[in-house]
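So this block is upload_1.txt, compact mmCIF, C-alpha atoms:
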```txt
# COMPACT_ATOMS: atom_id res chain seq x y z
CA MET E 468 85.02 57.48 90.62
CA LYS E 469 82.65 58.27 93.52
CA HIS E 470 82.89 61.99 92.77
CA ILE E 471 82.13 61.37 89.12
CA LYS E 472 79.02 59.35 89.97
CA ARG E 473 77.87 62.07 92.34
CA VAL E 474 78.24 64.75 89.66
CA LEU E 475 76.36 62.59 87.15
CA ARG E 476 73.48 62.12 89.60
CA LEU E 477 73.29 65.87 90.18
CA LEU E 478 73.26 66.57 86.46
CA PHE E 479 70.56 63.95 85.92
CA SER E 480 68.41 65.45 88.68
CA PHE E 481 68.82 68.93 87.25
CA THR E 482 67.79 67.66 83.81
CA LEU E 483 64.58 66.26 85.26
CA LEU E 484 63.77 69.38 87.26
CA ALA E 485 64.82 71.98 84.68
CA PRO E 486 61.58 71.88 82.57
CA ALA E 487 59.35 72.26 85.62
CA TRP E 488 61.59 75.02 86.99
CA ALA E 489 61.49 76.85 83.67
CA GLN E 490 57.70 76.64 83.52
CA ALA E 491 57.44 77.99 87.04
CA GLN E 492 59.31 81.16 86.16
CA PRO E 493 57.04 84.14 85.34
CA THR E 494 57.45 85.51 81.86
CA THR E 495 57.12 89.12 82.98
CA PRO E 496 56.94 90.69 86.45
CA PRO E 497 53.56 92.07 87.51
CA PRO E 498 53.09 95.83 87.23
CA PRO E 499 53.09 97.92 90.41
CA SER E 500 49.90 97.46 92.40
CA ASN E 501 49.48 101.16 93.02
CA GLN E 502 48.11 103.64 90.53
CA LEU E 503 50.27 103.94 87.43
CA THR E 504 51.36 107.25 85.97
CA LEU E 505 52.37 107.60 82.34
CA GLU E 506 56.05 107.50 83.31
CA GLN E 507 55.56 104.25 85.23
CA CYS E 508 53.72 102.68 82.30
CA LEU E 509 56.55 103.68 79.97
CA GLN E 510 59.21 102.36 82.36
CA TYR E 511 57.46 99.01 82.61
CA ALA E 512 56.93 98.80 78.85
CA LEU E 513 60.57 99.61 78.06
CA GLN E 514 61.65 96.77 80.33
CA ASN E 515 59.11 94.11 79.43
CA GLN E 516 57.83 94.74 75.90
CA PRO E 517 58.55 91.53 73.92
CA VAL E 518 59.34 93.46 70.73
CA LEU E 519 61.92 95.55 72.57
CA ARG E 520 63.40 92.42 74.13
CA GLN E 521 63.68 90.94 70.65
CA ALA E 522 65.53 94.05 69.49
CA ARG E 523 68.02 93.66 72.36
CA LEU E 524 68.47 90.00 71.46
CA ASP E 525 69.10 91.05 67.86
CA GLU E 526 71.87 93.33 69.14
CA GLU E 527 73.48 90.45 71.02
CA THR E 528 73.09 88.13 68.03
CA ASN E 529 74.74 90.71 65.79
CA GLU E 530 77.58 91.11 68.28
CA ALA E 531 78.16 87.36 68.15
CA THR E 532 78.14 87.53 64.35
CA ILE E 533 80.73 90.32 64.42
CA ARG E 534 82.98 88.31 66.73
CA ILE E 535 82.66 85.32 64.43
CA GLY E 536 83.81 87.43 61.49
CA LEU E 537 86.67 89.04 63.42
CA ALA E 538 87.84 85.63 64.60
CA GLY E 539 89.45 85.23 61.17
CA TRP E 540 92.19 87.69 62.22
CA LEU E 541 93.30 85.39 65.04
CA PRO E 542 95.55 82.37 64.49
CA GLN E 543 93.70 79.25 63.43
CA VAL E 544 95.18 76.14 65.03
CA ASN E 545 94.07 72.59 64.25
CA LEU E 546 95.10 69.23 65.66
CA ASN E 547 95.17 66.40 63.12
CA ALA E 548 95.71 62.74 63.89
CA THR E 549 95.71 59.85 61.44
CA GLY E 550 96.44 56.17 61.65
CA GLN E 551 96.67 53.54 58.91
CA HIS E 552 97.62 49.92 58.43
CA TYR E 553 98.93 48.48 55.15
CA PHE E 554 97.81 44.98 54.23
CA GLN E 555 100.17 45.25 51.28
CA LEU E 556 103.01 47.73 51.29
CA PRO E 557 103.31 49.99 48.27
CA TYR E 558 106.00 49.36 45.67
CA THR E 559 108.34 51.71 43.98
CA VAL E 560 110.91 51.09 41.24
CA PHE E 561 114.65 51.67 41.74
CA PRO E 562 117.37 51.06 39.11
CA ASN E 563 120.10 48.65 40.15
CA ALA E 564 123.82 48.86 39.31
CA GLU E 565 123.20 47.51 35.84
CA GLY E 566 120.43 50.12 35.23
CA ILE E 567 117.64 47.57 35.41
CA SER E 568 114.49 48.72 37.21
CA VAL E 569 113.81 46.61 40.27
CA PRO E 570 110.52 46.93 42.23
CA ARG E 571 110.86 47.22 45.98
CA GLN E 572 108.39 47.61 48.84
CA ILE E 573 108.71 50.80 50.85
CA GLY E 574 107.39 51.94 54.21
CA LEU E 575 106.16 50.05 57.23
CA LYS E 576 102.82 48.34 57.76
CA ASN E 577 101.62 50.63 60.59
CA THR E 578 101.80 54.40 60.31
CA SER E 579 100.33 57.12 62.55
CA THR E 580 100.72 60.88 62.33
CA VAL E 581 99.84 63.48 64.98
CA GLY E 582 100.29 67.07 63.88
CA LEU E 583 99.51 70.70 64.74
CA ALA E 584 98.70 73.04 61.87
CA GLY E 585 98.45 76.79 62.34
CA THR E 586 97.56 79.59 59.92
CA GLN E 587 97.59 83.35 60.36
CA ALA E 588 95.81 85.66 57.93
CA LEU E 589 98.04 88.55 56.86
CA TYR E 590 95.66 89.97 54.31
CA ASN E 591 92.24 88.54 53.57
CA ASN E 592 89.39 90.45 52.01
CA ASP E 593 86.71 88.48 53.85
CA VAL E 594 88.03 89.18 57.33
CA LEU E 595 88.81 92.76 56.29
CA LEU E 596 85.11 93.17 55.43
CA ALA E 597 84.20 91.94 58.91
CA LEU E 598 86.52 94.56 60.41
CA ARG E 599 85.18 97.42 58.27
CA SER E 600 81.52 96.59 58.85
CA ALA E 601 81.77 95.87 62.60
CA ARG E 602 81.21 99.45 63.81
CA PRO E 603 78.36 100.40 61.43
CA SER E 604 76.75 97.01 62.02
CA ARG E 605 76.68 97.60 65.79
CA GLN E 606 75.35 101.10 65.20
CA PHE E 607 72.60 99.82 62.89
CA TYR E 608 71.24 97.36 65.46
CA GLN E 609 71.51 99.93 68.24
CA GLN E 610 69.50 102.31 66.08
CA ASN E 611 66.99 99.54 65.44
CA THR E 612 66.55 99.19 69.20
CA THR E 613 66.15 102.95 69.48
CA GLY E 614 63.49 102.87 66.77
CA VAL E 615 61.61 100.17 68.67
CA ARG E 616 61.85 102.23 71.87
CA ILE E 617 60.35 105.20 70.01
CA ASP E 618 57.50 103.01 68.75
CA VAL E 619 56.87 101.68 72.26
CA VAL E 620 56.86 105.15 73.83
CA THR E 621 54.56 106.48 71.10
CA ASP E 622 52.07 103.63 71.24
CA VAL E 623 51.97 103.36 75.05
CA SER E 624 51.57 107.13 75.48
CA LYS E 625 48.70 107.35 73.01
CA ALA E 626 47.02 104.24 74.45
CA PHE E 627 47.41 105.71 77.95
CA TYR E 628 45.71 108.93 76.85
CA ASP E 629 42.99 106.94 75.07
CA VAL E 630 42.14 105.03 78.27
CA LEU E 631 42.12 108.27 80.26
CA LEU E 632 39.82 109.87 77.71
CA SER E 633 37.34 107.02 78.04
CA GLN E 634 37.54 107.24 81.83
CA ARG E 635 36.86 110.97 81.78
CA GLN E 636 33.98 110.41 79.37
CA LEU E 637 32.62 107.86 81.85
CA ASP E 638 32.90 110.43 84.65
CA VAL E 639 31.03 112.97 82.54
CA LEU E 640 28.29 110.45 81.82
CA ASN E 641 28.01 109.59 85.53
CA GLU E 642 27.64 113.29 86.35
CA ASP E 643 25.07 113.62 83.57
CA ILE E 644 23.11 110.65 84.91
CA LEU E 645 23.00 112.22 88.38
CA ARG E 646 21.68 115.46 86.92
CA LEU E 647 19.11 113.60 84.85
CA GLN E 648 17.98 111.59 87.85
CA ARG E 649 17.41 114.79 89.80
CA SER E 650 15.64 116.34 86.81
CA LEU E 651 13.45 113.25 86.51
CA GLN E 652 12.52 113.45 90.19
CA ASP E 653 11.74 117.17 89.90
CA ALA E 654 9.70 116.70 86.73
CA ARG E 655 7.77 113.81 88.28
CA ALA E 656 7.07 115.84 91.41
CA ARG E 657 5.84 118.79 89.35
CA TYR E 658 3.64 116.45 87.32
CA ASP E 659 2.19 114.89 90.46
CA ALA E 660 1.52 118.37 91.78
CA GLY E 661 -0.37 119.19 88.56
CA ILE E 662 1.98 121.98 87.57
CA VAL E 663 3.10 120.45 84.27
CA ASP E 664 1.98 117.60 82.04
CA LYS E 665 3.71 114.25 81.81
CA THR E 666 5.86 115.15 78.79
CA ASP E 667 8.53 116.71 81.00
CA TYR E 668 9.30 113.62 83.06
CA LYS E 669 8.90 111.40 80.00
CA GLN E 670 11.57 113.42 78.19
CA ALA E 671 13.76 113.26 81.30
CA GLU E 672 13.36 109.48 81.41
CA ILE E 673 14.32 109.17 77.72
CA LEU E 674 17.46 111.23 78.23
CA LEU E 675 18.35 109.21 81.35
CA ASN E 676 18.01 105.92 79.47
CA ASN E 677 20.20 107.22 76.66
CA SER E 678 22.90 108.28 79.12
CA ILE E 679 22.78 104.88 80.87
CA VAL E 680 23.33 103.16 77.51
CA ALA E 681 26.22 105.55 76.73
CA ARG E 682 27.74 104.80 80.14
CA LYS E 683 27.59 101.05 79.48
CA GLN E 684 29.32 101.58 76.15
CA ALA E 685 32.02 103.67 77.83
CA ILE E 686 32.61 100.98 80.47
CA GLU E 687 33.08 98.30 77.82
CA ALA E 688 35.31 100.61 75.76
CA ILE E 689 37.57 101.10 78.79
CA LYS E 690 37.97 97.33 79.12
CA GLY E 691 39.02 96.95 75.49
CA LYS E 692 41.37 99.93 75.54
CA SER E 693 42.93 98.79 78.83
CA ALA E 694 43.59 95.37 77.29
CA TYR E 695 45.35 97.06 74.38
CA LEU E 696 47.44 99.15 76.81
CA ARG E 697 48.42 95.98 78.70
CA GLU E 698 49.50 94.39 75.43
CA LEU E 699 51.65 97.38 74.52
CA MET E 700 53.22 97.40 77.98
CA GLY E 701 53.92 93.68 77.86
CA VAL E 702 51.68 92.89 80.84
CA ALA E 703 50.76 89.21 80.85
CA GLY E 704 47.27 87.89 81.57
CA GLN E 705 44.36 89.91 82.89
CA GLN E 706 46.26 91.94 85.44
CA PRO E 707 44.23 95.09 86.21
CA LEU E 708 45.66 98.52 85.55
CA THR E 709 44.73 101.56 87.59
CA LEU E 710 45.89 104.75 85.93
CA GLN E 711 46.78 107.93 87.75
CA TYR E 712 46.92 111.41 86.26
CA ASP E 713 46.91 115.05 87.24
CA THR E 714 44.57 117.17 85.17
CA LEU E 715 46.55 120.34 85.85
CA ARG E 716 49.77 118.69 84.73
CA LEU E 717 48.06 117.33 81.62
CA MET E 718 46.93 120.85 80.79
CA GLN E 719 50.51 122.07 81.19
CA ASP E 720 51.88 119.19 79.10
CA ALA E 721 49.51 120.07 76.27
CA PHE E 722 51.78 122.95 75.19
CA VAL E 723 54.74 122.42 72.89
CA ASP E 724 56.97 124.91 71.11
CA THR E 725 55.83 124.95 67.48
CA THR E 726 58.63 127.30 66.34
CA VAL E 727 61.26 124.56 66.45
CA THR E 728 62.68 123.95 62.99
CA LEU E 729 62.87 120.46 61.58
CA ASP E 730 66.21 118.67 61.34
CA PRO E 731 65.74 115.38 59.43
CA THR E 732 68.99 113.99 60.87
CA ASN E 733 67.27 113.75 64.26
CA ARG E 734 64.94 111.08 62.92
CA ILE E 735 66.03 107.52 63.60
CA GLU E 736 64.86 106.44 60.12
CA PHE E 737 67.28 108.91 58.54
CA GLN E 738 70.11 107.79 60.82
CA GLN E 739 69.48 104.15 59.92
CA LEU E 740 69.76 104.95 56.22
CA GLN E 741 73.06 106.74 56.82
CA THR E 742 74.34 103.69 58.70
CA GLN E 743 73.09 101.45 55.92
CA LYS E 744 75.06 103.56 53.45
CA ALA E 745 78.19 103.07 55.58
CA LEU E 746 77.62 99.31 55.47
CA GLN E 747 77.16 99.50 51.72
CA SER E 748 80.42 101.43 51.42
CA ALA E 749 82.18 98.56 53.22
CA GLN E 750 80.57 96.13 50.78
CA ILE E 751 81.79 98.17 47.80
CA SER E 752 85.30 98.21 49.24
CA TYR E 753 85.10 94.46 49.65
CA TYR E 754 84.54 93.88 45.96
CA ARG E 755 86.93 96.65 44.94
CA TRP E 756 89.80 95.12 46.92
CA GLY E 757 88.78 91.63 45.91
CA PHE E 758 91.31 91.79 43.06
CA LEU E 759 94.17 91.65 45.56
CA PRO E 760 95.57 88.28 46.62
CA ALA E 761 94.92 86.72 49.99
CA VAL E 762 98.13 86.23 51.96
CA SER E 763 98.53 84.01 54.99
CA ALA E 764 101.33 82.43 56.98
CA PHE E 765 101.21 78.84 58.04
CA GLY E 766 103.22 76.43 60.14
CA ASN E 767 103.00 72.70 60.76
CA TYR E 768 104.48 70.30 63.24
CA ASN E 769 103.99 66.59 62.65
CA ALA E 770 105.02 63.59 64.73
CA VAL E 771 105.17 60.47 62.57
CA PHE E 772 105.13 57.00 64.09
CA GLN E 773 105.96 53.88 62.00
CA ASN E 774 106.47 50.25 62.88
CA ASN E 775 105.61 46.86 61.46
CA ASN E 776 104.55 45.70 64.92
CA PHE E 777 101.40 47.51 66.03
CA GLY E 778 102.27 47.16 69.69
CA ASP E 779 105.53 49.04 69.13
CA LEU E 780 103.97 51.70 66.85
CA TYR E 781 104.37 54.62 69.28
CA GLY E 782 107.73 53.55 70.55
CA GLN E 783 109.68 55.92 68.32
CA ARG E 784 108.80 59.32 66.93
CA PHE E 785 109.95 60.84 63.63
CA PRO E 786 109.07 64.57 63.81
CA ASN E 787 109.02 67.15 61.04
CA SER E 788 108.05 70.82 61.04
CA PHE E 789 107.94 73.71 58.63
CA VAL E 790 106.60 77.25 58.11
CA GLY E 791 105.63 79.10 54.97
CA LEU E 792 103.61 81.78 53.20
CA GLN E 793 100.58 81.19 51.02
CA LEU E 794 99.29 83.54 48.35
CA SER E 795 95.96 82.99 46.64
CA LEU E 796 94.81 85.08 43.68
CA PRO E 797 91.85 84.15 41.48
CA ILE E 798 92.83 85.01 37.91
CA PHE E 799 89.52 84.82 36.06
CA GLN E 800 86.03 84.24 37.42
CA GLY E 801 83.91 84.97 34.39
CA MET E 802 83.60 88.74 35.14
CA ARG E 803 81.85 87.88 38.42
CA ARG E 804 83.86 90.34 40.52
CA LEU E 805 83.17 93.22 38.16
CA GLN E 806 79.44 92.52 38.12
CA ASN E 807 79.36 92.21 41.90
CA LEU E 808 81.08 95.57 42.18
CA ARG E 809 78.62 97.10 39.71
CA ARG E 810 75.67 95.67 41.62
CA GLU E 811 76.87 97.07 44.94
CA ARG E 812 77.43 100.51 43.43
CA LEU E 813 73.90 100.50 42.03
CA THR E 814 72.61 99.49 45.46
CA ASP E 815 74.52 102.43 46.94
CA GLN E 816 72.83 104.77 44.46
CA ARG E 817 69.47 103.32 45.44
CA ILE E 818 70.20 104.08 49.10
CA ASP E 819 70.88 107.68 48.07
CA GLN E 820 67.41 107.81 46.56
CA ASP E 821 65.97 106.26 49.73
CA ILE E 822 67.62 109.03 51.74
CA LEU E 823 66.12 111.68 49.47
CA ALA E 824 62.65 110.09 49.63
CA THR E 825 62.90 109.71 53.41
CA ARG E 826 63.87 113.35 53.80
CA ASN E 827 60.78 114.38 51.82
CA ARG E 828 58.56 112.01 53.78
CA ILE E 829 59.91 113.36 57.07
CA ASN E 830 59.11 116.90 55.97
CA THR E 831 55.57 115.85 55.06
CA GLU E 832 55.06 114.00 58.35
CA PHE E 833 56.28 117.02 60.29
CA GLU E 834 53.99 119.44 58.46
CA GLN E 835 51.01 117.12 58.94
CA ALA E 836 51.77 116.55 62.62
CA LEU E 837 52.25 120.28 63.20
CA ALA E 838 48.97 121.11 61.47
CA THR E 839 47.12 118.44 63.43
CA TYR E 840 48.56 119.66 66.72
CA LYS E 841 47.69 123.29 66.04
CA GLY E 842 44.14 122.33 65.09
CA TYR E 843 43.59 120.25 68.23
CA TYR E 844 45.25 122.88 70.42
CA THR E 845 42.89 125.56 69.11
CA ASP E 846 39.97 123.21 69.70
CA TYR E 847 41.27 122.63 73.23
CA LEU E 848 41.50 126.37 74.02
CA PHE E 849 37.98 127.06 72.78
CA GLY E 850 36.77 123.90 74.52
CA GLN E 851 37.88 125.37 77.84
CA ARG E 852 35.90 128.51 77.17
CA ASN E 853 32.82 126.64 75.98
CA LEU E 854 32.89 124.39 79.05
CA ALA E 855 32.93 127.35 81.40
CA LEU E 856 30.09 129.03 79.47
CA SER E 857 27.94 125.89 79.32
CA LYS E 858 28.28 125.35 83.08
CA GLU E 859 27.17 128.92 83.70
CA VAL E 860 24.25 128.64 81.26
CA TYR E 861 23.06 125.36 82.77
CA SER E 862 23.14 126.76 86.30
CA VAL E 863 21.07 129.80 85.31
CA VAL E 864 18.54 127.86 83.19
CA ASN E 865 18.10 125.16 85.86
CA LEU E 866 17.47 127.83 88.51
CA GLN E 867 14.99 129.65 86.25
CA TYR E 868 13.19 126.36 85.54
CA ARG E 869 12.78 125.70 89.24
CA GLU E 870 11.28 129.20 89.59
CA GLY E 871 8.93 128.57 86.68
CA ILE E 872 10.54 131.04 84.31
CA LYS E 873 12.01 128.56 81.81
CA THR E 874 10.45 125.46 80.29
CA TYR E 875 11.86 121.97 80.70
CA LEU E 876 12.88 122.03 77.05
CA ASP E 877 15.31 124.83 77.90
CA VAL E 878 16.76 122.67 80.68
CA ILE E 879 17.21 119.76 78.27
CA VAL E 880 19.00 121.98 75.78
CA ALA E 881 21.29 123.45 78.46
CA GLN E 882 22.02 120.04 79.95
CA THR E 883 22.79 118.52 76.54
CA THR E 884 25.02 121.48 75.74
CA LEU E 885 26.88 121.03 79.02
CA ARG E 886 27.46 117.33 78.47
CA THR E 887 28.60 117.96 74.90
CA ALA E 888 30.97 120.71 76.08
CA GLN E 889 32.45 118.42 78.74
CA LEU E 890 32.95 115.57 76.30
CA ASN E 891 34.40 117.88 73.66
CA TYR E 892 36.78 119.47 76.15
CA TYR E 893 38.26 116.20 77.38
CA SER E 894 38.35 114.82 73.86
CA ALA E 895 40.27 117.91 72.69
CA LEU E 896 42.63 117.72 75.70
CA PHE E 897 43.67 114.13 75.10
CA GLN E 898 43.73 114.57 71.35
CA VAL E 899 46.15 117.46 71.69
CA LEU E 900 48.31 115.33 74.01
CA SER E 901 48.33 112.48 71.47
CA SER E 902 49.08 114.87 68.62
CA LYS E 903 51.93 116.30 70.69
CA VAL E 904 53.46 112.81 70.85
CA ASP E 905 53.18 112.55 67.05
CA LEU E 906 54.71 116.00 66.63
CA LEU E 907 57.69 115.24 68.88
CA ARG E 908 58.22 111.99 67.05
CA ALA E 909 58.08 113.76 63.69
CA GLN E 910 60.68 116.24 64.99
CA GLY E 911 62.88 113.39 66.23
CA ASN E 912 62.71 114.82 69.76
CA LEU E 913 60.49 112.24 71.47
CA PRO E 914 62.15 111.29 74.80
CA THR E 915 62.68 107.55 75.26
CA SER E 916 64.67 107.47 78.52
CA TYR E 917 62.47 106.57 81.47
```

Any chance you could give the structure as structure tokens?
Amino acid sequence: MKHIKRVLRLLFSFTLLAPAWAQAQPTTPPPPSNQLTLEQCLQYALQNQPVLRQARLDEETNEATIRIGLAGWLPQVNLNATGQHYFQLPYTVFPNAEGISVPRQIGLKNTSTVGLAGTQALYNNDVLLALRSARPSRQFYQQNTTGVRIDVVTDVSKAFYDVLLSQRQLDVLNEDILRLQRSLQDARARYDAGIVDKTDYKQAEILLNNSIVARKQAIEAIKGKSAYLRELMGVAGQQPLTLQYDTLRLMQDAFVDTTVTLDPTNRIEFQQLQTQKALQSAQISYYRWGFLPAVSAFGNYNAVFQNNNFGDLYGQRFPNSFVGLQLSLPIFQGMRRLQNLRRERLTDQRIDQDILATRNRINTEFEQALATYKGYYTDYLFGQRNLALSKEVYSVVNLQYREGIKTYLDVIVAQTTLRTAQLNYYSALFQVLSSKVDLLRAQGNLPTSY
């Protein structure tokens, strides 16, 4: 008794502390404090994204559902116990020696029965359906998890590149502001020296103010895009993210082999439809074989106790036991089975049409993704060339302006061209990286193992 009281006290204490303990547990671990590469962001997202966790929970839930269905193949054993007391014993009629019916009371006032009943399915269409659909059902939910992983990798990669693009745009604007500040100082000094009028430094001040406004917009855009990246990664709260990248590696990653032919079976959407068709085939078989009888074996063991005195009820046992076979065959159900079979066959035909439509949609997505990638890649190649040319032009024009050969308007044009070339180059670089992600996904070759 002392041990029982001790256990009860421990359980009561745990019940009181469990809510506070549960609230104290962090929902997701914090991301690494160091600079995050794309691979690290993807690793964290694939471990902590709530949608992906839900997909894994769906797999476990489906596994439990499968086990529930397959449990019908195992023996089903039940324990039954009854007890009853007669205030008035039942009568039955017996003929006496003269053939006259004489009523007599039968039984005893107190009766109790304790029995074990067991059944074993030999053939049952319901449990057979659970067996046939177990494998494709597992495969379907595994494919659903794979599809979610593909979505997570796609979204996190593109959001990562979007944040990097805004950061590089901010760097370009900071460089532009430094150039404009130097130009403003030079123009002001030349104006004070009486070499030029005040329009030069006024124009420089206007351009500087515009760049400062653009920098402020870029800073705020980075905050919003970083928040979206944290959401996609499953990072809780306002934990800061510091991204790391290698420009040379990004330039190398921009290339992808565009000669690869499309195989629609690589797409997870196509594979899910094929699995769905396998599940539908099991459903058709269920209704097709529903015309066969259900057969099961059963056995019972009962211990019967009877006595007029309740205190002596369990003093003597009267056992009985038996085994048998049961066959159940519905004869007529109002054509329900035939209509169910017809419905499932029509659903199977509809899945065939879904497969055809999905194949066409996959081809269209691939062609569009390939065209988009090629366009951005061409823009990226020419952007490299334009950036190199604009840097060279700006250096020459700025030097000529300092020597009095060029006007300040030429400097403004060269500086604006340089900034535009820098922004266009980085925009093209990250756009081609994002379009590469879309192209690999359209091919069904997007890696999801990190």

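Take CA of Leu541 (chain E) and CA of Ala761 (chain E): the distance between them is 15.2 Å.
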
Non-local contacts of Glu526 (chain E) (9 Å; only C-alpha atoms; under 2 positions in same chain excluded) as a PDB file with C-alpha atoms, keeping the file's coordinate frame:
```pdb
ATOM      1  CA  GLN E 521      63.680  90.940  70.650  1.00  0.00           C
ATOM      2  CA  ALA E 522      65.530  94.050  69.490  1.00  0.00           C
ATOM      3  CA  ARG E 523      68.020  93.660  72.360  1.00  0.00           C
ATOM      4  CA  LEU E 524      68.470  90.000  71.460  1.00  0.00           C
ATOM      5  CA  THR E 528      73.090  88.130  68.030  1.00  0.00           C
ATOM      6  CA  ASN E 529      74.740  90.710  65.790  1.00  0.00           C
ATOM      7  CA  GLU E 530      77.580  91.110  68.280  1.00  0.00           C
ATOM      8  CA  ALA E 531      78.160  87.360  68.150  1.00  0.00           C
ATOM      9  CA  ARG E 605      76.680  97.600  65.790  1.00  0.00           C
ATOM     10  CA  TYR E 608      71.240  97.360  65.460  1.00  0.00           C
ATOM     11  CA  GLN E 609      71.510  99.930  68.240  1.00  0.00           C
ATOM     12  CA  ASN E 611      66.990  99.540  65.440  1.00  0.00           C
ATOM     13  CA  THR E 612      66.550  99.190  69.200  1.00  0.00           C
TER      14      THR E 612
END
```

One-decimal distance in Å that lies between CA of Gly791 (chain E) and CA of Ala588 (chain E): 12.2 Å

message: Which residues are near Ala656 (chain E)? Cut-off 12 Å, only C-alpha atoms, ignore same chain within fewer than 5 positions. Put them as a ChimeraX atom specification.
response: /E:649-651,661-665,667-668,869

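Picture a line from CA of Asn767 (chain E) to CA of Ile533 (chain E); it runs 28.6 Å.
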
task: Tell me which protein, DNA and RNA residues are within 12 Å of Gln705 (chain E), counting all atoms listed in the file, leaving out same-chain ones fewer than 3 positions away, and put them as an NGL selection string.
output: :E and (497-498 or 690-691 or 693-698 or 701-702 or 708)

field: Shortest interatomic distance to Asp525 (chain E) - which of E:Phe607, E:Asn577, E:Leu906, E:Phe627, counting only C-alpha atoms
entry: E:Phe607

Of the listed residues E:Gln670, E:Gln587, E:Ser862, E:Gln634, that which approaches Ala654 (chain E) most closely, counting only C-alpha atoms: E:Gln670

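Distance annotation: of E:Thr884, E:Asn830, E:Asn807, E:Gln543, the residue with the minimal separation from Ser752 (chain E) is E:Asn807; atom set is all atoms listed in the file.
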
task: Dig up all the protein and nucleic acid residues within 12 Å of (19.5, 105.3, 81.3) in the file frame, using only C-alpha atoms, and format them as a list in words.
output: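 Residues with an atom at most 12 Å from (19.5, 105.3, 81.3): Leu640, Asn641, Asp643, Ile644, Leu645, Arg646, Leu647, Gln648, Leu651, Gln670, Ala671, Glu672, Ile673, Leu674, Leu675, Asn676, Asn677, Ser678, Ile679, Val680, Ala681, Arg682, Lys683 and Gln684 of chain E.
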
message: Taking only C-alpha atoms into account, name the residue in E:Phe789, E:Phe777, E:Phe833, E:Phe897 that is nearest to Val727 (chain E).
response: E:Phe833

task: Tell me which of E:Tyr917, E:Phe849, E:Phe737, E:Tyr753 sits closest to Leu598 (chain E), counting only C-alpha atoms.
output: E:Tyr753

field: E:Thr883, E:Thr580, E:Glu832, E:Gly842 ranked by distance to Leu854 (chain E), top pick (using all atoms listed in the file)
entry: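 Selected residue with least distance to Leu854 (chain E): E:Thr883.
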
Selection as a VMD selection string: residues within 8 Å of (100.3, 55.0, 69.8), counting all atoms listed in the file: chain E and resid 579 772 779 to 782

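The residue set within 9 Å of Ala597 (chain E), counting all atoms listed in the file and dropping same-chain residues fewer than 6 places from it, reads Ile533, Arg534, Ile535, Gly536, Leu537, Gly539 and Ala749 of chain E.
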
message: List as an MDAnalysis selection string the protein and nucleic acid residues near region 838-841 of chain E, meaning an atom at most 8 Å away when only C-alpha atoms are counted, but skip any in the same chain fewer than 6 places from it.
response: chainID E and resid 899 902:903 906
